[in-house]
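Here is the file entry20.cif (mmCIF, C-alpha atoms and all ligand atoms; chains and numbers go by the auth columns).
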```
data_model
loop_
_atom_site.group_PDB
_atom_site.id
_atom_site.type_symbol
_atom_site.label_atom_id
_atom_site.label_comp_id
_atom_site.label_asym_id
_atom_site.label_seq_id
_atom_site.Cartn_x
_atom_site.Cartn_y
_atom_site.Cartn_z
_atom_site.B_iso_or_equiv
_atom_site.auth_seq_id
_atom_site.auth_asym_id
ATOM 1 C CA MET A 1 0.000 0.000 0.000 0.00 1 A
ATOM 2 C CA LEU A 2 1.397 3.319 -1.094 0.00 2 A
ATOM 3 C CA ILE A 3 0.805 5.792 1.693 0.00 3 A
ATOM 4 C CA ASP A 4 -0.790 9.128 0.938 0.00 4 A
ATOM 5 C CA ARG A 5 0.780 11.628 3.290 0.00 5 A
ATOM 6 C CA THR A 6 -1.923 14.156 2.423 0.00 6 A
ATOM 7 C CA VAL A 7 -4.593 11.760 3.728 0.00 7 A
ATOM 8 C CA LEU A 8 -7.566 13.656 5.141 0.00 8 A
ATOM 9 C CA VAL A 9 -8.557 12.651 8.649 0.00 9 A
ATOM 10 C CA ASN A 10 -11.154 14.796 10.405 0.00 10 A
ATOM 11 C CA PRO A 11 -14.453 14.350 12.258 0.00 11 A
ATOM 12 C CA CYS A 12 -16.044 13.097 9.005 0.00 12 A
ATOM 13 C CA HIS A 13 -13.103 11.084 7.655 0.00 13 A
ATOM 14 C CA ALA A 14 -11.740 8.170 9.634 0.00 14 A
ATOM 15 C CA VAL A 15 -8.174 6.933 9.396 0.00 15 A
ATOM 16 C CA PRO A 16 -8.237 4.661 6.324 0.00 16 A
ATOM 17 C CA GLU A 17 -8.265 0.957 6.975 0.00 17 A
ATOM 18 C CA GLY A 18 -4.816 -0.548 6.642 0.00 18 A
ATOM 19 C CA PHE A 19 -3.069 2.796 7.068 0.00 19 A
ATOM 20 C CA ARG A 20 -1.451 1.849 10.344 0.00 20 A
ATOM 21 C CA ASN A 21 0.030 -1.305 8.848 0.00 21 A
ATOM 22 C CA ALA A 22 1.341 0.566 5.824 0.00 22 A
ATOM 23 C CA ILE A 23 3.415 3.070 7.739 0.00 23 A
ATOM 24 C CA GLU A 24 6.773 2.598 9.349 0.00 24 A
ATOM 25 C CA LEU A 25 6.939 4.109 12.817 0.00 25 A
ATOM 26 C CA VAL A 26 10.177 5.364 14.325 0.00 26 A
ATOM 27 C CA SER A 27 10.782 6.997 17.668 0.00 27 A
ATOM 28 C CA ILE A 28 12.464 10.317 18.312 0.00 28 A
ATOM 29 C CA PRO A 29 13.411 11.786 21.680 0.00 29 A
ATOM 30 C CA GLU A 30 11.193 14.273 23.468 0.00 30 A
ATOM 31 C CA GLU A 31 12.401 16.793 26.024 0.00 31 A
ATOM 32 C CA GLU A 32 12.399 14.676 29.152 0.00 32 A
ATOM 33 C CA GLY A 33 14.175 11.693 27.688 0.00 33 A
ATOM 34 C CA PHE A 34 11.050 9.803 26.708 0.00 34 A
ATOM 35 C CA SER A 35 10.291 9.216 23.072 0.00 35 A
ATOM 36 C CA VAL A 36 7.573 10.021 20.593 0.00 36 A
ATOM 37 C CA CYS A 37 6.632 7.769 17.675 0.00 37 A
ATOM 38 C CA LEU A 38 6.129 9.193 14.214 0.00 38 A
ATOM 39 C CA GLU A 39 5.882 7.920 10.665 0.00 39 A
ATOM 40 C CA ALA A 40 9.460 7.654 9.376 0.00 40 A
ATOM 41 C CA GLU A 41 9.445 10.466 6.782 0.00 41 A
ATOM 42 C CA THR A 42 7.514 12.719 9.190 0.00 42 A
ATOM 43 C CA ALA A 43 10.114 12.060 11.887 0.00 43 A
ATOM 44 C CA ARG A 44 12.994 12.987 9.569 0.00 44 A
ATOM 45 C CA ALA A 45 11.214 16.168 8.517 0.00 45 A
ATOM 46 C CA PHE A 46 10.465 17.119 12.111 0.00 46 A
ATOM 47 C CA LEU A 47 14.095 16.638 13.162 0.00 47 A
ATOM 48 C CA ALA A 48 15.136 18.976 10.324 0.00 48 A
ATOM 49 C CA LEU A 49 12.543 21.559 11.431 0.00 49 A
ATOM 50 C CA GLN A 50 13.648 21.217 15.039 0.00 50 A
ATOM 51 C CA ASP A 51 17.282 21.666 14.052 0.00 51 A
ATOM 52 C CA PHE A 52 16.478 24.741 11.973 0.00 52 A
ATOM 53 C CA LEU A 53 14.335 26.402 14.656 0.00 53 A
ATOM 54 C CA GLY A 54 16.890 25.530 17.329 0.00 54 A
ATOM 55 C CA LYS A 55 19.524 27.419 15.347 0.00 55 A
ATOM 56 C CA THR A 56 17.275 30.479 15.193 0.00 56 A
ATOM 57 C CA GLY A 57 16.979 30.338 18.990 0.00 57 A
ATOM 58 C CA LEU A 58 13.591 28.667 19.253 0.00 58 A
ATOM 59 C CA PRO A 59 13.743 25.311 21.033 0.00 59 A
ATOM 60 C CA VAL A 60 10.897 23.073 19.921 0.00 60 A
ATOM 61 C CA PHE A 61 10.162 19.548 21.132 0.00 61 A
ATOM 62 C CA PRO A 62 7.619 16.913 20.220 0.00 62 A
ATOM 63 C CA LEU A 63 5.081 16.330 22.957 0.00 63 A
ATOM 64 C CA SER A 64 2.774 13.803 21.364 0.00 64 A
ATOM 65 C CA GLY A 65 2.987 11.964 18.053 0.00 65 A
ATOM 66 C CA TYR A 66 1.527 8.642 16.974 0.00 66 A
ATOM 67 C CA ARG A 67 -1.258 7.260 19.135 0.00 67 A
ATOM 68 C CA SER A 68 -3.055 3.958 18.712 0.00 68 A
ATOM 69 C CA SER A 69 -6.830 4.181 18.623 0.00 69 A
ATOM 70 C CA ALA A 70 -6.873 2.392 21.994 0.00 70 A
ATOM 71 C CA ARG A 71 -4.715 5.184 23.414 0.00 71 A
ATOM 72 C CA GLN A 72 -6.951 7.804 21.791 0.00 72 A
ATOM 73 C CA GLN A 73 -9.926 6.116 23.469 0.00 73 A
ATOM 74 C CA GLU A 74 -8.243 6.410 26.886 0.00 74 A
ATOM 75 C CA ILE A 75 -7.484 10.099 26.321 0.00 75 A
ATOM 76 C CA TRP A 76 -11.048 10.675 25.116 0.00 76 A
ATOM 77 C CA ASP A 77 -12.568 8.949 28.145 0.00 77 A
ATOM 78 C CA ARG A 78 -10.366 10.872 30.554 0.00 78 A
ATOM 79 C CA SER A 79 -11.185 14.204 28.915 0.00 79 A
ATOM 80 C CA VAL A 80 -14.931 13.533 29.019 0.00 80 A
ATOM 81 C CA HIS A 81 -14.555 12.661 32.693 0.00 81 A
ATOM 82 C CA ASP A 82 -12.418 15.726 33.531 0.00 82 A
ATOM 83 C CA HIS A 83 -13.779 18.422 31.203 0.00 83 A
ATOM 84 C CA GLY A 84 -17.150 17.192 29.943 0.00 84 A
ATOM 85 C CA LEU A 85 -18.300 16.143 26.505 0.00 85 A
ATOM 86 C CA GLU A 86 -18.716 19.629 25.005 0.00 86 A
ATOM 87 C CA HIS A 87 -15.094 20.622 25.679 0.00 87 A
ATOM 88 C CA THR A 88 -13.836 17.212 24.561 0.00 88 A
ATOM 89 C CA VAL A 89 -15.599 17.384 21.190 0.00 89 A
ATOM 90 C CA ARG A 90 -13.972 20.770 20.490 0.00 90 A
ATOM 91 C CA TYR A 91 -10.418 19.709 21.227 0.00 91 A
ATOM 92 C CA LEU A 92 -10.187 15.970 20.794 0.00 92 A
ATOM 93 C CA ALA A 93 -10.792 13.574 17.975 0.00 93 A
ATOM 94 C CA LYS A 94 -12.913 10.511 18.496 0.00 94 A
ATOM 95 C CA PRO A 95 -10.925 7.274 18.420 0.00 95 A
ATOM 96 C CA GLY A 96 -10.459 6.267 14.776 0.00 96 A
ATOM 97 C CA PHE A 97 -10.720 9.894 13.658 0.00 97 A
ATOM 98 C CA SER A 98 -7.526 11.367 15.059 0.00 98 A
ATOM 99 C CA GLU A 99 -4.647 12.504 12.864 0.00 99 A
ATOM 100 C CA HIS A 100 -2.397 11.263 15.635 0.00 100 A
ATOM 101 C CA GLU A 101 -3.378 7.742 14.586 0.00 101 A
ATOM 102 C CA THR A 102 -1.695 8.300 11.200 0.00 102 A
ATOM 103 C CA GLY A 103 1.756 9.072 12.618 0.00 103 A
ATOM 104 C CA LEU A 104 1.781 12.178 10.406 0.00 104 A
ATOM 105 C CA ALA A 105 0.733 14.671 13.090 0.00 105 A
ATOM 106 C CA LEU A 106 2.346 15.868 16.250 0.00 106 A
ATOM 107 C CA ASP A 107 1.860 18.320 19.063 0.00 107 A
ATOM 108 C CA VAL A 108 4.897 20.425 19.823 0.00 108 A
ATOM 109 C CA VAL A 109 6.029 22.454 22.771 0.00 109 A
ATOM 110 C CA LEU A 110 8.045 25.661 22.408 0.00 110 A
ATOM 111 C CA TYR A 111 10.324 27.438 24.859 0.00 111 A
ATOM 112 C CA ASP A 112 10.867 31.158 25.220 0.00 112 A
ATOM 113 C CA ARG A 113 14.313 32.753 25.417 0.00 113 A
ATOM 114 C CA HIS A 114 14.344 32.376 29.192 0.00 114 A
ATOM 115 C CA GLY A 115 13.962 28.638 28.818 0.00 115 A
ATOM 116 C CA ASN A 116 10.365 28.595 30.011 0.00 116 A
ATOM 117 C CA ARG A 117 7.857 26.345 28.372 0.00 117 A
ATOM 118 C CA ILE A 118 5.268 28.356 26.457 0.00 118 A
ATOM 119 C CA GLU A 119 1.715 27.740 27.598 0.00 119 A
ATOM 120 C CA ASN A 120 0.074 30.785 26.016 0.00 120 A
ATOM 121 C CA ASP A 121 -1.541 30.155 22.615 0.00 121 A
ATOM 122 C CA GLU A 122 -0.947 33.775 21.635 0.00 122 A
ATOM 123 C CA ALA A 123 2.801 33.716 22.335 0.00 123 A
ATOM 124 C CA PRO A 124 4.901 35.461 19.653 0.00 124 A
ATOM 125 C CA GLU A 125 7.173 32.418 19.419 0.00 125 A
ATOM 126 C CA TYR A 126 4.487 30.616 17.435 0.00 126 A
ATOM 127 C CA GLU A 127 4.696 33.371 14.843 0.00 127 A
ATOM 128 C CA ILE A 128 8.380 32.514 14.408 0.00 128 A
ATOM 129 C CA MET A 129 7.585 28.862 13.763 0.00 129 A
ATOM 130 C CA PHE A 130 4.546 29.172 11.469 0.00 130 A
ATOM 131 C CA PRO A 131 6.213 30.702 8.371 0.00 131 A
ATOM 132 C CA HIS A 132 8.827 27.918 8.288 0.00 132 A
ATOM 133 C CA LEU A 133 6.550 24.909 8.639 0.00 133 A
ATOM 134 C CA HIS A 134 5.938 24.461 4.906 0.00 134 A
ATOM 135 C CA GLU A 135 9.658 24.529 4.132 0.00 135 A
ATOM 136 C CA PHE A 136 9.871 21.202 5.953 0.00 136 A
ATOM 137 C CA GLY A 137 6.604 19.755 4.642 0.00 137 A
ATOM 138 C CA PHE A 138 4.397 20.672 7.602 0.00 138 A
ATOM 139 C CA ILE A 139 1.227 22.717 7.915 0.00 139 A
ATOM 140 C CA LEU A 140 -0.532 24.270 10.868 0.00 140 A
ATOM 141 C CA ARG A 141 -3.517 21.960 10.773 0.00 141 A
ATOM 142 C CA TYR A 142 -6.045 23.967 12.808 0.00 142 A
ATOM 143 C CA PRO A 143 -5.542 27.643 12.003 0.00 143 A
ATOM 144 C CA ARG A 144 -7.395 30.433 13.725 0.00 144 A
ATOM 145 C CA GLY A 145 -10.716 31.327 12.126 0.00 145 A
ATOM 146 C CA GLN A 146 -11.011 28.013 10.231 0.00 146 A
ATOM 147 C CA GLU A 147 -12.979 26.163 12.878 0.00 147 A
ATOM 148 C CA SER A 148 -15.981 25.711 10.581 0.00 148 A
ATOM 149 C CA VAL A 149 -13.756 24.073 7.945 0.00 149 A
ATOM 150 C CA THR A 150 -11.486 21.919 10.096 0.00 150 A
ATOM 151 C CA GLY A 151 -13.979 21.154 12.854 0.00 151 A
ATOM 152 C CA TYR A 152 -11.436 22.119 15.518 0.00 152 A
ATOM 153 C CA SER A 153 -10.584 25.156 17.592 0.00 153 A
ATOM 154 C CA TYR A 154 -7.285 26.946 16.916 0.00 154 A
ATOM 155 C CA GLU A 155 -4.385 24.721 17.939 0.00 155 A
ATOM 156 C CA PRO A 156 -1.031 26.428 17.409 0.00 156 A
ATOM 157 C CA TRP A 157 0.798 23.351 18.698 0.00 157 A
ATOM 158 C CA HIS A 158 -0.662 20.725 16.351 0.00 158 A
ATOM 159 C CA ILE A 159 1.329 20.377 13.139 0.00 159 A
ATOM 160 C CA ARG A 160 0.757 17.931 10.341 0.00 160 A
ATOM 161 C CA TYR A 161 3.170 16.512 7.786 0.00 161 A
ATOM 162 C CA VAL A 162 1.897 16.474 4.193 0.00 162 A
ATOM 163 C CA GLY A 163 5.204 16.616 2.277 0.00 163 A
ATOM 164 C CA ILE A 164 6.972 19.702 0.955 0.00 164 A
ATOM 165 C CA GLN A 165 5.044 19.964 -2.315 0.00 165 A
ATOM 166 C CA ALA A 166 1.571 19.918 -0.748 0.00 166 A
ATOM 167 C CA ALA A 167 2.677 22.081 2.175 0.00 167 A
ATOM 168 C CA LYS A 168 3.910 24.755 -0.236 0.00 168 A
ATOM 169 C CA VAL A 169 0.605 24.818 -2.145 0.00 169 A
ATOM 170 C CA ILE A 170 -1.410 24.951 1.082 0.00 170 A
ATOM 171 C CA HIS A 171 0.813 27.717 2.480 0.00 171 A
ATOM 172 C CA GLU A 172 0.717 29.846 -0.669 0.00 172 A
ATOM 173 C CA ASN A 173 -3.063 29.613 -0.982 0.00 173 A
ATOM 174 C CA HIS A 174 -3.765 29.979 2.755 0.00 174 A
ATOM 175 C CA TRP A 175 -5.753 26.761 2.531 0.00 175 A
ATOM 176 C CA THR A 176 -6.603 24.172 5.111 0.00 176 A
ATOM 177 C CA LEU A 177 -6.009 20.511 4.274 0.00 177 A
ATOM 178 C CA GLU A 178 -9.769 20.194 3.663 0.00 178 A
ATOM 179 C CA GLU A 179 -9.568 22.864 0.950 0.00 179 A
ATOM 180 C CA PHE A 180 -6.445 21.336 -0.573 0.00 180 A
ATOM 181 C CA LYS A 181 -8.117 17.930 -0.890 0.00 181 A
ATOM 182 C CA LYS A 182 -11.222 19.488 -2.403 0.00 182 A
ATOM 183 C CA MET A 183 -9.164 21.241 -5.086 0.00 183 A
ATOM 184 C CA GLU A 184 -7.081 18.117 -5.681 0.00 184 A
ATOM 185 C CA ASN A 185 -10.184 16.034 -6.323 0.00 185 A
ATOM 186 C CA ARG A 186 -11.662 18.538 -8.730 0.00 186 A
ATOM 187 C CA PRO A 187 -11.721 17.073 -12.259 0.00 187 A
HETATM 188 ZN ZN ZN B . -2.628 17.131 18.278 0.00 201 A
#
```
Would you kindly transcribe this structure into structure tokens?
Amino acid sequence: MLIDRTVLVNPCHAVPEGFRNAIELVSIPEEEGFSVCLEAETARAFLALQDFLGKTGLPVFPLSGYRSSARQQEIWDRSVHDHGLEHTVRYLAKPGFSEHETGLALDVVLYDRHGNRIENDEAPEYEIMFPHLHEFGFILRYPRGQESVTGYSYEPWHIRYVGIQAAKVIHENHWTLEEFKKMENRP
């Protein structure tokens, strides 16, 4: 099975059957010495992005990468318990419908110049990262103001690998992945 790294996974599109078995997962280190699993090409691209941003003075680390649907179920159940269903639906994907199950998406954590972990979604450090994502084949998957298209609230930390070619097209047209796939499928 040839894997499509622009695969669309959202509340209406489940992770395609067989996708998990088609990808090769590799692990890369996260900040505290644990590791995060990602699809192999995604992992290589992220390490290049991390290296580049590190050299510009912006430390970035992976926080969460590949998750099995069983793991997604656990996270879902805990969130419903802790925050309620309404909050959970806005921020979490149902098991089987999470990009994290493709190995192509990851959540990152950034640090400011004082070495403090950035918790604020509006932090200027994100603005340093965003313009470079496409150069490494990534897109910001849930941009601000696109909630009605993507089905998710703004998530500055969730990046998605689609490959350099697709990322460039998406970046230049200010599209979401949903819009890119729609244009791609147009006859
Ligand atoms: Zn995420």
Got a sec: who's within 8 Å of region 106-110 of chain A, counting all atoms listed in the file, leaving out chain neighbours fewer than 2 positions off, as a PDB file with C-alpha atoms, in the coordinates of the input?
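Writing the result to out38.pdb gives the following:
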```
ATOM      1  CA  LEU A  38       6.129   9.193  14.214  1.00  0.00           C
ATOM      2  CA  LEU A  58      13.591  28.667  19.253  1.00  0.00           C
ATOM      3  CA  PRO A  59      13.743  25.311  21.033  1.00  0.00           C
ATOM      4  CA  VAL A  60      10.897  23.073  19.921  1.00  0.00           C
ATOM      5  CA  PHE A  61      10.162  19.548  21.132  1.00  0.00           C
ATOM      6  CA  PRO A  62       7.619  16.913  20.220  1.00  0.00           C
ATOM      7  CA  LEU A  63       5.081  16.330  22.957  1.00  0.00           C
ATOM      8  CA  SER A  64       2.774  13.803  21.364  1.00  0.00           C
ATOM      9  CA  GLY A  65       2.987  11.964  18.053  1.00  0.00           C
ATOM     10  CA  TYR A  66       1.527   8.642  16.974  1.00  0.00           C
ATOM     11  CA  HIS A 100      -2.397  11.263  15.635  1.00  0.00           C
ATOM     12  CA  GLY A 103       1.756   9.072  12.618  1.00  0.00           C
ATOM     13  CA  LEU A 104       1.781  12.178  10.406  1.00  0.00           C
ATOM     14  CA  ASP A 112      10.867  31.158  25.220  1.00  0.00           C
ATOM     15  CA  ARG A 117       7.857  26.345  28.372  1.00  0.00           C
ATOM     16  CA  ILE A 118       5.268  28.356  26.457  1.00  0.00           C
ATOM     17  CA  GLU A 125       7.173  32.418  19.419  1.00  0.00           C
ATOM     18  CA  TYR A 126       4.487  30.616  17.435  1.00  0.00           C
ATOM     19  CA  TRP A 157       0.798  23.351  18.698  1.00  0.00           C
ATOM     20  CA  HIS A 158      -0.662  20.725  16.351  1.00  0.00           C
ATOM     21  CA  ILE A 159       1.329  20.377  13.139  1.00  0.00           C
ATOM     22  CA  ARG A 160       0.757  17.931  10.341  1.00  0.00           C
TER      23      ARG A 160
END
```
Practice task
Could you check which of A:His171, A:Lys94, A:Arg141, A:His134 is closest to ligand ZN 201 (chain A), using all atoms listed in the file?
Solution key: A:Arg141
Problem - Residue IDs satisfying the PyMOL selection byres (((chain A and resi 71-84) around 12) and not hetatm), as a ChimeraX atom specification - result: /A:64-70,85-102
Write the selection just made, keeping C-alpha atoms, as a compact mmCIF listing (two decimals), in the coordinates of the input?
```txt
# COMPACT_ATOMS: atom_id res chain seq x y z
CA SER A 64 2.77 13.80 21.36
CA GLY A 65 2.99 11.96 18.05
CA TYR A 66 1.53 8.64 16.97
CA ARG A 67 -1.26 7.26 19.14
CA SER A 68 -3.06 3.96 18.71
CA SER A 69 -6.83 4.18 18.62
CA ALA A 70 -6.87 2.39 21.99
CA LEU A 85 -18.30 16.14 26.50
CA GLU A 86 -18.72 19.63 25.00
CA HIS A 87 -15.09 20.62 25.68
CA THR A 88 -13.84 17.21 24.56
CA VAL A 89 -15.60 17.38 21.19
CA ARG A 90 -13.97 20.77 20.49
CA TYR A 91 -10.42 19.71 21.23
CA LEU A 92 -10.19 15.97 20.79
CA ALA A 93 -10.79 13.57 17.98
CA LYS A 94 -12.91 10.51 18.50
CA PRO A 95 -10.92 7.27 18.42
CA GLY A 96 -10.46 6.27 14.78
CA PHE A 97 -10.72 9.89 13.66
CA SER A 98 -7.53 11.37 15.06
CA GLU A 99 -4.65 12.50 12.86
CA HIS A 100 -2.40 11.26 15.64
CA GLU A 101 -3.38 7.74 14.59
CA THR A 102 -1.70 8.30 11.20
```
Enclose region 169-181 of chain A, meaning all of its atoms listed in the file, in a box aligned along x, y and z, pad it by 6 Å on each side, and list the centre and edge lengths in Å to one decimal, as AutoDock Vina command-line options.
```
--center_x -4.5 --center_y 24.0 --center_z 1.5 --size_x 22.6 --size_y 24.0 --size_z 19.3
```
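Straight-line separation from CA of Tyr161 (chain A) to CA of Glu17 (chain A): 19.3 Å.
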Fill in the blank from the handout: Closest of A:Gln50, A:Asn10, A:Asn116, A:Asn185 to Pro29 (chain A), counting all atoms listed in the file, is A:Gln50
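Closest to ligand ZN 201 (chain A) among A:Met183, A:Leu177, A:Tyr142, A:Ala167 is A:Tyr142, based on only C-alpha atoms and all ligand atoms.
If you measure from each of A:Thr176, A:Ser148, A:Ser153, A:Ser27 to ligand ZN 201 (chain A) using only C-alpha atoms and all ligand atoms, the closest one turns out to be A:Ser153.
Residues lying within 9 Å of Pro143 (chain A), counting only C-alpha atoms and ignoring same-chain neighbours fewer than 5 positions away, are Thr150, Tyr152, Ser153, Tyr154, Glu155, Pro156 and Thr176 of chain A.
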Starting from the structure just given, write a file holding region 69-152 of chain A with C-alpha atoms, as an mmCIF file, in the first residue's frame.
```
data_model
loop_
_atom_site.group_PDB
_atom_site.id
_atom_site.type_symbol
_atom_site.label_atom_id
_atom_site.label_comp_id
_atom_site.auth_asym_id
_atom_site.auth_seq_id
_atom_site.Cartn_x
_atom_site.Cartn_y
_atom_site.Cartn_z
ATOM 1 C CA SER A 69 -6.830 4.181 18.623
ATOM 2 C CA ALA A 70 -6.873 2.392 21.994
ATOM 3 C CA ARG A 71 -4.715 5.184 23.414
ATOM 4 C CA GLN A 72 -6.951 7.804 21.791
ATOM 5 C CA GLN A 73 -9.926 6.116 23.469
ATOM 6 C CA GLU A 74 -8.243 6.410 26.886
ATOM 7 C CA ILE A 75 -7.484 10.099 26.321
ATOM 8 C CA TRP A 76 -11.048 10.675 25.116
ATOM 9 C CA ASP A 77 -12.568 8.949 28.145
ATOM 10 C CA ARG A 78 -10.366 10.872 30.554
ATOM 11 C CA SER A 79 -11.185 14.204 28.915
ATOM 12 C CA VAL A 80 -14.931 13.533 29.019
ATOM 13 C CA HIS A 81 -14.555 12.661 32.693
ATOM 14 C CA ASP A 82 -12.418 15.726 33.531
ATOM 15 C CA HIS A 83 -13.779 18.422 31.203
ATOM 16 C CA GLY A 84 -17.150 17.192 29.943
ATOM 17 C CA LEU A 85 -18.300 16.143 26.505
ATOM 18 C CA GLU A 86 -18.716 19.629 25.005
ATOM 19 C CA HIS A 87 -15.094 20.622 25.679
ATOM 20 C CA THR A 88 -13.836 17.212 24.561
ATOM 21 C CA VAL A 89 -15.599 17.384 21.190
ATOM 22 C CA ARG A 90 -13.972 20.770 20.490
ATOM 23 C CA TYR A 91 -10.418 19.709 21.227
ATOM 24 C CA LEU A 92 -10.187 15.970 20.794
ATOM 25 C CA ALA A 93 -10.792 13.574 17.975
ATOM 26 C CA LYS A 94 -12.913 10.511 18.496
ATOM 27 C CA PRO A 95 -10.925 7.274 18.420
ATOM 28 C CA GLY A 96 -10.459 6.267 14.776
ATOM 29 C CA PHE A 97 -10.720 9.894 13.658
ATOM 30 C CA SER A 98 -7.526 11.367 15.059
ATOM 31 C CA GLU A 99 -4.647 12.504 12.864
ATOM 32 C CA HIS A 100 -2.397 11.263 15.635
ATOM 33 C CA GLU A 101 -3.378 7.742 14.586
ATOM 34 C CA THR A 102 -1.695 8.300 11.200
ATOM 35 C CA GLY A 103 1.756 9.072 12.618
ATOM 36 C CA LEU A 104 1.781 12.178 10.406
ATOM 37 C CA ALA A 105 0.733 14.671 13.090
ATOM 38 C CA LEU A 106 2.346 15.868 16.250
ATOM 39 C CA ASP A 107 1.860 18.320 19.063
ATOM 40 C CA VAL A 108 4.897 20.425 19.823
ATOM 41 C CA VAL A 109 6.029 22.454 22.771
ATOM 42 C CA LEU A 110 8.045 25.661 22.408
ATOM 43 C CA TYR A 111 10.324 27.438 24.859
ATOM 44 C CA ASP A 112 10.867 31.158 25.220
ATOM 45 C CA ARG A 113 14.313 32.753 25.417
ATOM 46 C CA HIS A 114 14.344 32.376 29.192
ATOM 47 C CA GLY A 115 13.962 28.638 28.818
ATOM 48 C CA ASN A 116 10.365 28.595 30.011
ATOM 49 C CA ARG A 117 7.857 26.345 28.372
ATOM 50 C CA ILE A 118 5.268 28.356 26.457
ATOM 51 C CA GLU A 119 1.715 27.740 27.598
ATOM 52 C CA ASN A 120 0.074 30.785 26.016
ATOM 53 C CA ASP A 121 -1.541 30.155 22.615
ATOM 54 C CA GLU A 122 -0.947 33.775 21.635
ATOM 55 C CA ALA A 123 2.801 33.716 22.335
ATOM 56 C CA PRO A 124 4.901 35.461 19.653
ATOM 57 C CA GLU A 125 7.173 32.418 19.419
ATOM 58 C CA TYR A 126 4.487 30.616 17.435
ATOM 59 C CA GLU A 127 4.696 33.371 14.843
ATOM 60 C CA ILE A 128 8.380 32.514 14.408
ATOM 61 C CA MET A 129 7.585 28.862 13.763
ATOM 62 C CA PHE A 130 4.546 29.172 11.469
ATOM 63 C CA PRO A 131 6.213 30.702 8.371
ATOM 64 C CA HIS A 132 8.827 27.918 8.288
ATOM 65 C CA LEU A 133 6.550 24.909 8.639
ATOM 66 C CA HIS A 134 5.938 24.461 4.906
ATOM 67 C CA GLU A 135 9.658 24.529 4.132
ATOM 68 C CA PHE A 136 9.871 21.202 5.953
ATOM 69 C CA GLY A 137 6.604 19.755 4.642
ATOM 70 C CA PHE A 138 4.397 20.672 7.602
ATOM 71 C CA ILE A 139 1.227 22.717 7.915
ATOM 72 C CA LEU A 140 -0.532 24.270 10.868
ATOM 73 C CA ARG A 141 -3.517 21.960 10.773
ATOM 74 C CA TYR A 142 -6.045 23.967 12.808
ATOM 75 C CA PRO A 143 -5.542 27.643 12.003
ATOM 76 C CA ARG A 144 -7.395 30.433 13.725
ATOM 77 C CA GLY A 145 -10.716 31.327 12.126
ATOM 78 C CA GLN A 146 -11.011 28.013 10.231
ATOM 79 C CA GLU A 147 -12.979 26.163 12.878
ATOM 80 C CA SER A 148 -15.981 25.711 10.581
ATOM 81 C CA VAL A 149 -13.756 24.073 7.945
ATOM 82 C CA THR A 150 -11.486 21.919 10.096
ATOM 83 C CA GLY A 151 -13.979 21.154 12.854
ATOM 84 C CA TYR A 152 -11.436 22.119 15.518
#
```
